[in-house]
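Below is target_24.txt, which holds compact mmCIF, C-alpha atoms and all ligand atoms.
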```
# COMPACT_ATOMS: atom_id res chain seq x y z
CA MET A 1 4.06 36.33 22.85
CA ASP A 2 4.02 37.66 19.30
CA ALA A 3 1.60 36.76 16.50
CA THR A 4 3.87 34.02 15.15
CA GLU A 5 4.03 32.29 18.49
CA PHE A 6 0.31 32.88 19.05
CA ARG A 7 -0.48 31.05 15.80
CA ARG A 8 1.60 28.09 16.92
CA ARG A 9 0.32 28.03 20.51
CA GLY A 10 -3.23 28.58 19.35
CA ARG A 11 -3.08 25.49 17.13
CA GLU A 12 -1.53 23.55 19.99
CA MET A 13 -4.26 24.74 22.33
CA VAL A 14 -7.00 23.69 19.93
CA ASP A 15 -5.36 20.24 19.78
CA TYR A 16 -5.07 20.17 23.56
CA ILE A 17 -8.75 21.06 23.93
CA ALA A 18 -9.90 18.48 21.38
CA ASP A 19 -7.72 15.83 23.06
CA TYR A 20 -9.11 16.84 26.44
CA ILE A 21 -12.72 16.58 25.32
CA GLU A 22 -12.28 13.40 23.31
CA GLY A 23 -10.26 11.74 26.07
CA ILE A 24 -12.29 13.00 29.00
CA GLU A 25 -13.69 9.56 29.81
CA GLY A 26 -10.20 8.42 30.69
CA ARG A 27 -10.02 10.96 33.51
CA GLN A 28 -11.60 10.33 36.90
CA VAL A 29 -14.74 12.46 36.89
CA TYR A 30 -14.23 13.83 40.43
CA PRO A 31 -10.77 14.80 41.68
CA ASP A 32 -8.87 13.17 44.54
CA VAL A 33 -7.58 16.41 46.04
CA GLU A 34 -8.11 17.81 49.53
CA PRO A 35 -8.74 21.49 50.31
CA GLY A 36 -5.53 23.52 50.00
CA TYR A 37 -3.95 21.04 47.57
CA LEU A 38 -2.89 23.70 45.08
CA ARG A 39 -0.87 26.23 47.05
CA PRO A 40 2.13 23.96 47.72
CA LEU A 41 2.30 23.06 44.02
CA ILE A 42 3.12 26.58 42.80
CA PRO A 43 5.48 29.33 43.97
CA SER A 44 4.23 31.69 46.64
CA CYS A 45 4.81 34.78 44.45
CA ALA A 46 4.39 35.64 40.79
CA PRO A 47 7.63 35.15 38.83
CA GLN A 48 9.79 38.26 38.36
CA GLU A 49 10.95 37.04 34.96
CA PRO A 50 8.52 35.57 32.41
CA ASP A 51 7.95 31.81 32.52
CA ALA A 52 8.20 29.66 29.40
CA TYR A 53 4.90 28.73 27.77
CA GLU A 54 5.84 25.02 27.82
CA ASP A 55 6.21 25.21 31.59
CA ILE A 56 2.79 26.78 31.96
CA MET A 57 1.16 24.05 29.89
CA LYS A 58 3.04 21.36 31.84
CA ASP A 59 1.61 22.90 35.00
CA VAL A 60 -1.88 22.74 33.54
CA GLU A 61 -1.59 18.96 33.64
CA LYS A 62 0.34 18.88 36.90
CA VAL A 63 -1.45 21.55 38.95
CA ILE A 64 -4.83 22.30 37.41
CA MET A 65 -6.16 19.05 35.94
CA PRO A 66 -5.74 17.05 39.18
CA GLY A 67 -8.16 19.50 40.80
CA VAL A 68 -10.72 19.68 38.02
CA THR A 69 -14.21 18.20 38.25
CA HIS A 70 -14.85 17.09 34.69
CA TRP A 71 -18.29 18.53 34.03
CA HIS A 72 -18.28 17.32 30.45
CA SER A 73 -17.43 13.73 31.27
CA PRO A 74 -20.18 11.28 30.31
CA ARG A 75 -19.84 10.03 33.90
CA PHE A 76 -20.94 13.38 35.31
CA PHE A 77 -24.58 13.26 36.45
CA ALA A 78 -24.53 16.01 39.11
CA TYR A 79 -26.39 19.33 39.41
CA PHE A 80 -27.68 20.09 35.91
CA PRO A 81 -25.85 19.99 32.58
CA THR A 82 -23.75 22.91 31.49
CA GLY A 83 -23.59 23.31 27.77
CA SER A 84 -20.44 22.70 25.79
CA SER A 85 -19.85 22.51 22.08
CA TYR A 86 -17.00 23.17 19.71
CA PRO A 87 -18.78 26.02 17.86
CA ALA A 88 -19.36 27.81 21.17
CA MET A 89 -15.69 27.43 22.10
CA LEU A 90 -14.59 28.84 18.75
CA ALA A 91 -16.95 31.76 19.14
CA ASP A 92 -15.58 32.39 22.62
CA MET A 93 -12.07 32.63 21.14
CA LEU A 94 -13.32 35.24 18.71
CA CYS A 95 -15.11 37.05 21.51
CA GLY A 96 -11.84 37.17 23.42
CA ALA A 97 -10.05 38.51 20.35
CA ILE A 98 -12.56 41.25 19.61
CA GLY A 99 -12.50 41.97 23.33
CA CYS A 100 -15.00 44.80 23.21
CA ILE A 101 -16.97 46.05 26.20
CA GLY A 102 -20.52 46.35 24.96
CA PHE A 103 -22.04 48.80 27.42
CA SER A 104 -23.62 50.95 24.71
CA TRP A 105 -24.56 50.57 21.09
CA ALA A 106 -21.71 52.88 20.08
CA SER A 107 -19.15 50.96 22.12
CA SER A 108 -19.49 48.14 19.55
CA PRO A 109 -22.68 48.08 17.47
CA ALA A 110 -22.39 44.44 16.40
CA CYS A 111 -22.17 43.32 20.02
CA THR A 112 -25.47 44.99 20.89
CA GLU A 113 -27.34 44.25 17.68
CA LEU A 114 -26.41 40.57 17.46
CA GLU A 115 -27.49 40.10 21.08
CA THR A 116 -30.88 41.67 20.38
CA VAL A 117 -31.44 39.50 17.31
CA MET A 118 -30.20 36.31 19.01
CA LEU A 119 -32.63 36.87 21.88
CA ASP A 120 -35.39 37.21 19.29
CA TRP A 121 -34.25 34.03 17.52
CA LEU A 122 -34.21 32.19 20.81
CA GLY A 123 -37.54 33.67 21.92
CA LYS A 124 -39.10 32.48 18.68
CA MET A 125 -37.61 28.99 19.10
CA LEU A 126 -39.46 28.91 22.43
CA GLN A 127 -42.59 30.48 20.96
CA LEU A 128 -42.48 33.21 23.59
CA PRO A 129 -45.38 35.68 23.36
CA GLU A 130 -44.54 38.52 20.97
CA ALA A 131 -44.63 41.04 23.82
CA PHE A 132 -41.23 39.69 24.93
CA LEU A 133 -39.54 40.15 21.57
CA ALA A 134 -37.45 43.22 20.77
CA GLU A 135 -39.15 43.48 17.39
CA LYS A 136 -42.37 44.26 19.24
CA ALA A 137 -41.30 45.77 22.60
CA GLY A 138 -43.37 48.53 24.28
CA SER A 139 -43.02 50.47 27.57
CA GLY A 140 -44.47 50.44 31.14
CA GLY A 141 -43.71 49.62 34.84
CA GLY A 142 -43.84 46.92 37.56
CA VAL A 143 -43.57 46.53 41.35
CA ILE A 144 -42.91 43.52 43.64
CA GLN A 145 -41.35 40.38 42.23
CA VAL A 146 -42.90 36.91 42.54
CA VAL A 147 -40.69 34.11 41.20
CA ALA A 148 -42.36 31.05 39.73
CA THR A 149 -40.04 28.23 38.69
CA LEU A 150 -40.34 25.97 35.69
CA GLY A 151 -38.01 23.06 36.41
CA THR A 152 -36.81 23.43 40.00
CA THR A 153 -33.18 22.59 40.72
CA SER A 154 -33.94 19.90 43.28
CA CYS A 155 -36.41 17.77 41.33
CA CYS A 156 -37.40 19.62 38.14
CA SER A 157 -40.97 20.32 39.24
CA PHE A 158 -43.11 22.98 37.58
CA ASP A 159 -45.15 25.77 39.15
CA ARG A 160 -48.57 26.25 37.57
CA LEU A 161 -48.25 29.55 35.75
CA SER A 162 -51.82 29.45 34.55
CA GLU A 163 -52.93 29.54 38.21
CA VAL A 164 -50.36 31.85 39.77
CA GLY A 165 -50.22 34.18 36.74
CA PRO A 166 -53.75 35.63 36.82
CA VAL A 167 -53.47 36.22 40.60
CA CYS A 168 -50.23 38.17 40.11
CA ASN A 169 -51.73 40.19 37.27
CA ARG A 170 -54.84 41.01 39.29
CA GLU A 171 -52.82 42.05 42.37
CA ASP A 172 -50.29 44.02 40.29
CA LEU A 173 -47.39 41.80 41.39
CA TRP A 174 -44.32 41.43 39.24
CA LEU A 175 -44.16 37.84 38.00
CA HIS A 176 -40.73 36.55 37.05
CA VAL A 177 -40.45 33.05 35.59
CA ASP A 178 -37.22 31.15 36.21
CA ALA A 179 -36.76 28.23 33.81
CA ALA A 180 -32.96 28.13 34.11
CA TYR A 181 -32.63 24.47 33.16
CA ALA A 182 -35.98 23.51 31.63
CA GLY A 183 -36.17 26.51 29.29
CA SER A 184 -33.98 24.88 26.66
CA ALA A 185 -36.48 22.03 26.29
CA PHE A 186 -39.20 24.42 25.20
CA ILE A 187 -37.65 24.56 21.71
CA CYS A 188 -39.23 21.10 21.27
CA PRO A 189 -42.96 21.35 20.46
CA GLU A 190 -43.74 18.36 22.69
CA PHE A 191 -42.37 20.24 25.75
CA ARG A 192 -43.61 23.73 24.89
CA HIS A 193 -46.83 23.22 26.90
CA LEU A 194 -44.68 23.39 30.05
CA LEU A 195 -44.24 27.09 29.28
CA ASN A 196 -47.97 27.79 28.97
CA GLY A 197 -48.98 30.74 31.12
CA VAL A 198 -45.78 32.69 30.38
CA GLU A 199 -48.04 35.31 28.83
CA PHE A 200 -48.92 36.36 32.41
CA ALA A 201 -45.25 36.96 33.27
CA ASP A 202 -43.44 40.29 33.35
CA SER A 203 -40.07 38.67 32.84
CA PHE A 204 -38.77 35.28 31.80
CA ASN A 205 -35.31 33.81 32.12
CA PHE A 206 -33.48 30.64 31.17
CA ASN A 207 -29.87 29.56 30.73
CA PRO A 208 -28.77 28.45 27.27
CA HIS A 209 -25.50 27.64 29.08
CA LYS A 210 -27.24 24.81 30.84
CA TRP A 211 -28.81 22.68 28.17
CA LEU A 212 -28.46 24.39 24.80
CA LEU A 213 -24.81 23.62 24.01
CA VAL A 214 -23.68 27.18 24.67
CA ASN A 215 -20.70 27.27 27.02
CA PHE A 216 -20.99 29.11 30.33
CA ASP A 217 -21.95 31.86 30.78
CA CYS A 218 -25.06 32.70 28.80
CA SER A 219 -28.27 33.48 30.64
CA ALA A 220 -31.12 34.84 28.53
CA MET A 221 -33.76 37.12 30.02
CA TRP A 222 -36.75 38.75 28.40
CA VAL A 223 -38.98 41.51 29.77
CA LYS A 224 -42.28 42.67 28.39
CA LYS A 225 -41.50 46.28 29.20
CA ARG A 226 -37.87 47.18 28.86
CA VAL A 227 -38.39 50.44 30.75
CA ASP A 228 -38.89 48.32 33.89
CA LEU A 229 -35.18 47.57 33.71
CA THR A 230 -33.81 50.68 32.09
CA GLY A 231 -35.71 52.85 34.57
CA ALA A 232 -33.85 51.17 37.42
CA PHE A 233 -30.37 50.83 35.92
CA LYS A 234 -30.05 53.87 33.67
CA LEU A 235 -26.52 55.25 33.74
CA ASP A 236 -25.79 58.23 31.54
CA PRO A 237 -22.53 60.10 32.21
CA VAL A 238 -21.62 62.36 29.32
CA TYR A 239 -18.57 60.30 28.32
CA LEU A 240 -20.79 57.33 27.52
CA GLN A 241 -23.30 59.26 25.48
CA HIS A 242 -23.35 58.96 21.70
CA SER A 243 -25.17 60.47 18.78
CA HIS A 244 -27.69 57.63 18.25
CA GLN A 245 -28.77 57.12 21.82
CA ASP A 246 -32.00 59.07 21.70
CA SER A 247 -32.95 57.94 18.22
CA GLY A 248 -35.18 55.15 19.55
CA LEU A 249 -33.42 52.87 17.07
CA ILE A 250 -30.79 51.35 19.27
CA THR A 251 -30.30 49.57 22.58
CA ASP A 252 -27.70 50.48 25.19
CA TYR A 253 -27.43 47.35 27.30
CA ARG A 254 -25.67 49.15 30.15
CA HIS A 255 -29.13 50.40 31.16
CA TRP A 256 -30.41 46.81 31.44
CA GLN A 257 -27.94 45.54 34.04
CA LEU A 258 -25.94 46.36 37.16
CA PRO A 259 -22.44 46.21 35.64
CA LEU A 260 -21.37 48.66 33.00
CA GLY A 261 -19.38 46.28 30.80
CA ARG A 262 -20.75 43.41 28.80
CA ARG A 263 -19.12 40.53 26.90
CA PHE A 264 -19.92 39.72 23.28
CA ARG A 265 -21.79 36.58 24.34
CA SER A 266 -24.22 36.49 21.45
CA LEU A 267 -21.41 35.32 19.15
CA LYS A 268 -21.44 31.88 20.73
CA MET A 269 -25.23 31.68 20.42
CA TRP A 270 -24.97 32.64 16.77
CA PHE A 271 -22.30 30.02 16.07
CA VAL A 272 -24.17 27.29 17.95
CA PHE A 273 -27.60 28.05 16.47
CA ARG A 274 -26.17 28.10 12.97
CA MET A 275 -23.93 25.02 13.33
CA TYR A 276 -26.58 22.84 14.98
CA GLY A 277 -29.77 24.35 13.58
CA VAL A 278 -32.95 24.15 15.63
CA LYS A 279 -33.24 20.49 14.61
CA GLY A 280 -29.81 19.63 15.97
CA LEU A 281 -30.59 21.37 19.25
CA GLN A 282 -33.93 19.57 19.50
CA ALA A 283 -32.18 16.25 18.88
CA HIS A 284 -29.77 17.01 21.74
CA ILE A 285 -32.63 17.73 24.17
CA ARG A 286 -34.61 14.68 23.07
CA LYS A 287 -31.64 12.38 23.44
CA HIS A 288 -31.11 13.55 27.03
CA VAL A 289 -34.78 13.16 27.93
CA GLN A 290 -34.76 9.69 26.40
CA LEU A 291 -31.69 8.74 28.45
CA ALA A 292 -33.36 9.99 31.63
CA HIS A 293 -36.35 7.76 30.92
CA GLU A 294 -34.01 4.87 30.25
CA PHE A 295 -32.40 5.40 33.66
CA GLU A 296 -35.84 5.75 35.23
CA SER A 297 -36.95 2.40 33.85
CA LEU A 298 -33.76 0.74 35.13
CA VAL A 299 -34.49 2.10 38.60
CA ARG A 300 -38.09 0.91 38.43
CA GLN A 301 -36.98 -2.61 37.53
CA ASP A 302 -35.09 -2.92 40.82
CA PRO A 303 -37.59 -3.36 43.69
CA ARG A 304 -35.04 -2.13 46.25
CA PHE A 305 -35.30 1.35 44.75
CA GLU A 306 -38.00 3.94 44.18
CA VAL A 307 -38.35 6.90 41.82
CA CYS A 308 -39.22 9.98 43.88
CA ALA A 309 -40.49 12.53 41.36
CA GLU A 310 -42.07 12.53 37.95
CA VAL A 311 -39.41 12.39 35.25
CA THR A 312 -40.33 15.19 32.86
CA LEU A 313 -37.00 16.16 31.31
CA GLY A 314 -33.43 15.02 31.95
CA LEU A 315 -33.43 14.51 35.72
CA VAL A 316 -34.26 11.36 37.70
CA CYS A 317 -34.72 11.60 41.48
CA PHE A 318 -34.43 8.19 43.13
CA ARG A 319 -33.52 6.49 46.39
CA LEU A 320 -33.24 3.14 48.10
CA LYS A 321 -36.46 2.28 49.88
CA GLY A 322 -35.57 2.79 53.51
CA SER A 323 -34.06 5.40 55.79
CA ASN A 324 -32.34 8.66 54.91
CA LYS A 325 -29.23 7.26 56.59
CA LEU A 326 -29.18 4.34 54.16
CA ASN A 327 -29.32 6.71 51.20
CA GLU A 328 -26.68 9.02 52.67
CA ASP A 329 -24.45 5.94 53.01
CA LEU A 330 -25.13 4.97 49.42
CA LEU A 331 -24.18 8.43 48.19
CA ASP A 332 -21.03 8.30 50.36
CA ARG A 333 -20.04 5.08 48.64
CA ILE A 334 -20.73 6.56 45.20
CA SER A 335 -18.73 9.67 46.05
CA SER A 336 -15.78 7.70 47.44
CA ALA A 337 -15.63 5.38 44.44
CA LYS A 338 -15.47 8.44 42.13
CA LYS A 339 -16.54 6.46 39.09
CA ILE A 340 -19.53 8.73 38.59
CA HIS A 341 -20.53 12.03 40.13
CA LEU A 342 -23.98 12.70 41.63
CA VAL A 343 -25.44 15.18 44.11
CA PRO A 344 -28.42 14.71 46.45
CA CYS A 345 -31.48 16.77 47.29
CA HIS A 346 -34.19 16.79 49.95
CA LEU A 347 -37.77 16.10 48.90
CA ARG A 348 -40.40 16.37 51.62
CA GLY A 349 -37.91 15.46 54.33
CA ARG A 350 -36.45 12.57 52.40
CA PHE A 351 -32.83 12.32 51.27
CA VAL A 352 -32.89 11.68 47.53
CA LEU A 353 -30.23 11.09 44.86
CA ARG A 354 -30.35 13.16 41.69
CA PHE A 355 -29.26 11.61 38.41
CA ALA A 356 -29.05 14.39 35.83
CA ILE A 357 -28.18 13.63 32.22
CA CYS A 358 -25.42 16.15 31.64
CA ALA A 359 -22.69 15.60 29.06
CA ARG A 360 -23.20 16.26 25.35
CA THR A 361 -21.47 12.94 24.72
CA VAL A 362 -23.38 10.74 27.16
CA GLU A 363 -24.65 7.51 25.59
CA PRO A 364 -26.94 4.67 26.75
CA ALA A 365 -23.86 2.62 27.70
CA HIS A 366 -22.74 5.29 30.18
CA VAL A 367 -26.17 5.36 31.79
CA GLN A 368 -26.29 1.56 31.98
CA GLN A 369 -22.77 1.38 33.45
CA ALA A 370 -23.63 4.07 35.97
CA TRP A 371 -26.73 2.15 37.04
CA ALA A 372 -24.87 -1.16 37.29
CA HIS A 373 -22.27 0.60 39.44
CA ILE A 374 -24.96 2.07 41.73
CA GLN A 375 -26.61 -1.35 42.04
CA THR A 376 -23.30 -2.99 42.98
CA LEU A 377 -22.64 -0.40 45.67
CA ALA A 378 -26.21 -0.72 46.92
CA SER A 379 -25.90 -4.52 47.20
CA ALA A 380 -22.69 -4.20 49.22
CA LEU A 381 -24.31 -1.59 51.43
CA LEU A 382 -27.45 -3.67 52.07
CA GLU A 383 -25.34 -6.74 52.80
CA ALA A 384 -23.22 -4.81 55.28
CA ALA A 385 -26.37 -3.42 56.89
CA GLN A 386 -27.73 -6.96 57.42
CA GLU A 387 -24.63 -8.22 59.18
C1 LIG B 401 -29.33 26.53 37.72
C2 LIG B 401 -30.47 27.28 38.25
C3 LIG B 401 -30.34 28.61 38.63
C4 LIG B 401 -29.00 29.30 38.63
O1 LIG B 401 -28.83 30.02 37.46
P1 LIG B 401 -27.61 31.06 37.32
O2 LIG B 401 -27.91 31.76 36.06
O3 LIG B 401 -26.35 30.25 37.26
O4 LIG B 401 -27.65 31.94 38.53
C5 LIG B 401 -31.47 29.30 39.02
N1 LIG B 401 -32.68 28.71 39.07
C6 LIG B 401 -32.85 27.41 38.74
C7 LIG B 401 -34.22 26.79 38.81
C8 LIG B 401 -31.74 26.65 38.32
O5 LIG B 401 -31.90 25.35 37.99
```

If you convert what's in this file into structure tokens, what do you get?
Ligand SMILES: *Cc1c(COP(=O)(O)O)cnc(C)c1O
Amino acid sequence: MDATEFRRRGREMVDYIADYIEGIEGRQVYPDVEPGYLRPLIPSCAPQEPDAYEDIMKDVEKVIMPGVTHWHSPRFFAYFPTGSSYPAMLADMLCGAIGCIGFSWASSPACTELETVMLDWLGKMLQLPEAFLAEKAGSGGGVIQVVATLGTTSCCSFDRLSEVGPVCNREDLWLHVDAAYAGSAFICPEFRHLLNGVEFADSFNFNPHKWLLVNFDCSAMWVKKRVDLTGAFKLDPVYLQHSHQDSGLITDYRHWQLPLGRRFRSLKMWFVFRMYGVKGLQAHIRKHVQLAHEFESLVRQDPRFEVCAEVTLGLVCFRLKGSNKLNEDLLDRISSAKKIHLVPCHLRGRFVLRFAICARTVEPAHVQQAWAHIQTLASALLEAAQE
């Protein structure tokens, strides 16, 4: 493929992507395929001669799309959201084009410096204590790791940092705070209190790729003392050394991680933060929380159902009053119908359904339709159970 063809195919691909996203509701959210479906659909060896691009794209529809779970469908309510926005996709194209491997400052200075600044931007959006920001970072050490979770995956519950934190500090235990999903919400002042106590933590992590409109993967982690990481991961063969490395002015991210190489991920944060602004991101979070409460109130209006955990952010845990078996059967019916996609969890021995507000494009109508669908399946199930 030369540059002329790339220009043409690139435009086509952008159209394909926009059509895919805008038309995603027309696709069944969960695929019909069985394990092993793909192998018979393609040759058993790579082609000796190049294939035509048209044939590859035809196969995307024929081979790939039938086996795709459409995470960005407004009928997807499983797991947690994973962010998706057009600015992030554009930035990912640019990232692919620059194609640098940012293991040291010298290997691509913009890659390192933008990442440092974006993590500061994001830390400030969350009002993280200054000790976590690169502008202010110091040095030190830590020992055993205790993980407290803000927004657990099963039911979005919150550990009490203000209780566990002082104990960890007193006993010299490393305290890591995992807010993978919930962290994005802390950019809204009304949810920031959920992060109180983070000042006791040694490290803090959340995933902008979950709820902040940044496409996978983008997981942001802050440490109070960067030497805690660089002391463990430092890797300094002479061929990676460069003239600025001991200046104290730069960061070499290869010392912060297990792998050597590093993608230019901060580009997509930069694009998204600038295109949405903090206000746009806050509006996205608030809309999802609002929709979760709307679903919660629908569940509460139906006496056959119960809500099983406090709805704090965008997740509603609910079940039919009755046995675990009954709820497993309900989920089976939902999964077989494939009109919406949900996953379950266990809460204190009870089988519970999780309804997570996921897609960027989900609207009240989708939530209402999903609930009506669940109610219909539940009625049929309860009728069958009575016979
Ligand atoms: C989603 C989630 C994770 C997984 O995060 P990865 O960065 O994909 O490994 C971890 N912890 C919690 C609480 C989560 O919700």

Separation of atom CA of A:Leu90 from atom CA of A:Leu213, in Å and rounded to one decimal: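 Between atom CA of A:Leu90 and atom CA of A:Leu213 the gap is 12.6 Å.
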
Hey, could you make a per-residue contact list for chain A against ligand LIG 401 (chain B) with 10 Å as the cut-off, showing the nearest pair of atoms and its distance in Å to one decimal, counting all atoms listed in the file, sorted by chain and number, as a Markdown table?
```
| residue | atom | partner | partner_atom | distance |
| --- | --- | --- | --- | --- |
| A:Tyr79 | CA | B:LIG401 | C1 | 8.0 |
| A:Phe80 | CA | B:LIG401 | C1 | 6.9 |
| A:Pro81 | CA | B:LIG401 | C1 | 9.0 |
| A:Thr82 | CA | B:LIG401 | C1 | 9.1 |
| A:Val147 | CA | B:LIG401 | N1 | 9.9 |
| A:Ala148 | CA | B:LIG401 | C7 | 9.2 |
| A:Thr149 | CA | B:LIG401 | C7 | 6.0 |
| A:Leu150 | CA | B:LIG401 | C7 | 6.9 |
| A:Gly151 | CA | B:LIG401 | C7 | 5.8 |
| A:Thr152 | CA | B:LIG401 | C7 | 4.4 |
| A:Thr153 | CA | B:LIG401 | O5 | 4.1 |
| A:Ser154 | CA | B:LIG401 | O5 | 7.9 |
| A:Cys155 | CA | B:LIG401 | O5 | 9.4 |
| A:Cys156 | CA | B:LIG401 | C7 | 7.9 |
| A:Ser157 | CA | B:LIG401 | C7 | 9.4 |
| A:Phe158 | CA | B:LIG401 | C7 | 9.7 |
| A:Val177 | CA | B:LIG401 | C7 | 9.4 |
| A:Asp178 | CA | B:LIG401 | N1 | 5.9 |
| A:Ala179 | CA | B:LIG401 | C7 | 5.8 |
| A:Ala180 | CA | B:LIG401 | C8 | 4.6 |
| A:Tyr181 | CA | B:LIG401 | O5 | 5.0 |
| A:Ala182 | CA | B:LIG401 | O5 | 7.8 |
| A:Gly183 | CA | B:LIG401 | C7 | 9.7 |
| A:Asn205 | CA | B:LIG401 | O2 | 8.6 |
| A:Phe206 | CA | B:LIG401 | O2 | 7.5 |
| A:Asn207 | CA | B:LIG401 | O2 | 6.1 |
| A:Pro208 | CA | B:LIG401 | O2 | 9.4 |
| A:His209 | CA | B:LIG401 | O2 | 8.5 |
| A:Lys210 | CA | B:LIG401 | C1 | 7.4 |
| A:Phe216 | CA | B:LIG401 | O3 | 8.8 |
| A:Asp217 | CA | B:LIG401 | O2 | 8.0 |
| A:Cys218 | CA | B:LIG401 | O2 | 7.9 |
| A:Ser219 | CA | B:LIG401 | O2 | 5.7 |
| A:Ala220 | CA | B:LIG401 | O2 | 8.7 |
| A:Met221 | CA | B:LIG401 | O2 | 10.0 |
```

Per residue of stretch 40-120 of chain A within 10 Å of stretch 245-261 of chain A, note the shortest atom pair and the distance in Å to one decimal, counting all atoms listed in the file, and order the rows by chain and increasing residue number, as a Markdown table.
```
| residue | atom | partner | partner_atom | distance |
| --- | --- | --- | --- | --- |
| A:Cys100 | CA | A:Gly261 | CA | 8.9 |
| A:Ile101 | CA | A:Gly261 | CA | 5.2 |
| A:Gly102 | CA | A:Gly261 | CA | 6.0 |
| A:Phe103 | CA | A:Arg254 | CA | 4.6 |
| A:Ser104 | CA | A:Asp252 | CA | 4.1 |
| A:Trp105 | CA | A:Asp252 | CA | 5.2 |
| A:Ala106 | CA | A:Asp252 | CA | 8.2 |
| A:Ser107 | CA | A:Asp252 | CA | 9.1 |
| A:Pro109 | CA | A:Ile250 | CA | 8.9 |
| A:Cys111 | CA | A:Tyr253 | CA | 9.8 |
| A:Thr112 | CA | A:Thr251 | CA | 6.9 |
| A:Glu113 | CA | A:Thr251 | CA | 7.8 |
| A:Glu115 | CA | A:Tyr253 | CA | 9.6 |
| A:Thr116 | CA | A:Thr251 | CA | 8.2 |
```

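Atom CA of A:Asp120 to atom CA of A:Trp270 spans 11.7 Å [interatomic distance, one decimal].
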
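Taking all atoms listed in the file, the non-local environment of stretch 300-303 of chain A within 10 Å (same-chain residues fewer than 2 positions away omitted) comprises A:Glu294, A:Phe295, A:Glu296, A:Ser297, A:Leu298, A:Phe305, A:Glu306, A:Val307, A:Phe318, A:Leu320, A:Lys321, A:Gln375.
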
Between A:Trp371, A:Tyr20, A:Phe355, A:Phe233, which one has atoms that come closest to A:Ala78, using all atoms listed in the file?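 Looking only at the distances to A:Ala78, the closest residue turns out to be A:Phe355.
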
Just how far from atom CA of A:Leu342 is atom CA of A:Gln369, in Å to one decimal?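 So the answer is 14.0 Å.
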
For a quick check of understanding, using all atoms listed in the file, which of A:Ala337, A:Val117, A:Met125, A:Cys308 has the smallest distance to A:Asp32? A:Ala337

Please determine, counting all atoms listed in the file, which residue among A:Glu199, A:His70, A:Phe264, A:Arg9 has the shortest atom-to-atom distance to A:Ala110.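 The answer is A:Phe264, which sits nearest to A:Ala110.
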
Proximity to A:Val352 - best of A:Asp19, A:Glu171, A:Glu383, A:Asp329, only C-alpha atoms: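 Of the candidates, the smallest distance to A:Val352 is held by A:Asp329.
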
Is there a way to get, as a PyMOL selection string, all residues within 12 Å of the point (-28.7, 19.1, 17.7) in file coordinates, counting only C-alpha atoms? chain A and resi 85+184-185+187-188+211-214+272-288+360-361

For the residues selected in the previous step, produce a file with C-alpha atoms as an mmCIF file, in the frame of the given file.
```
data_model
loop_
_atom_site.group_PDB
_atom_site.id
_atom_site.type_symbol
_atom_site.label_atom_id
_atom_site.label_comp_id
_atom_site.auth_asym_id
_atom_site.auth_seq_id
_atom_site.Cartn_x
_atom_site.Cartn_y
_atom_site.Cartn_z
ATOM 1 C CA SER A 85 -19.850 22.510 22.080
ATOM 2 C CA SER A 184 -33.980 24.880 26.660
ATOM 3 C CA ALA A 185 -36.480 22.030 26.290
ATOM 4 C CA ILE A 187 -37.650 24.560 21.710
ATOM 5 C CA CYS A 188 -39.230 21.100 21.270
ATOM 6 C CA TRP A 211 -28.810 22.680 28.170
ATOM 7 C CA LEU A 212 -28.460 24.390 24.800
ATOM 8 C CA LEU A 213 -24.810 23.620 24.010
ATOM 9 C CA VAL A 214 -23.680 27.180 24.670
ATOM 10 C CA VAL A 272 -24.170 27.290 17.950
ATOM 11 C CA PHE A 273 -27.600 28.050 16.470
ATOM 12 C CA ARG A 274 -26.170 28.100 12.970
ATOM 13 C CA MET A 275 -23.930 25.020 13.330
ATOM 14 C CA TYR A 276 -26.580 22.840 14.980
ATOM 15 C CA GLY A 277 -29.770 24.350 13.580
ATOM 16 C CA VAL A 278 -32.950 24.150 15.630
ATOM 17 C CA LYS A 279 -33.240 20.490 14.610
ATOM 18 C CA GLY A 280 -29.810 19.630 15.970
ATOM 19 C CA LEU A 281 -30.590 21.370 19.250
ATOM 20 C CA GLN A 282 -33.930 19.570 19.500
ATOM 21 C CA ALA A 283 -32.180 16.250 18.880
ATOM 22 C CA HIS A 284 -29.770 17.010 21.740
ATOM 23 C CA ILE A 285 -32.630 17.730 24.170
ATOM 24 C CA ARG A 286 -34.610 14.680 23.070
ATOM 25 C CA LYS A 287 -31.640 12.380 23.440
ATOM 26 C CA HIS A 288 -31.110 13.550 27.030
ATOM 27 C CA ARG A 360 -23.200 16.260 25.350
ATOM 28 C CA THR A 361 -21.470 12.940 24.720
#
```

Which residue, A:Pro189, A:Gly99, A:Pro166, A:Pro74, has the smallest gap to A:Gln127 when you use only C-alpha atoms? A:Pro189

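Each of A:Val311, A:Leu114, A:Val227, A:Val29 was checked against A:Arg75 using all atoms listed in the file; the smallest atom-to-atom distance is that of A:Val29.
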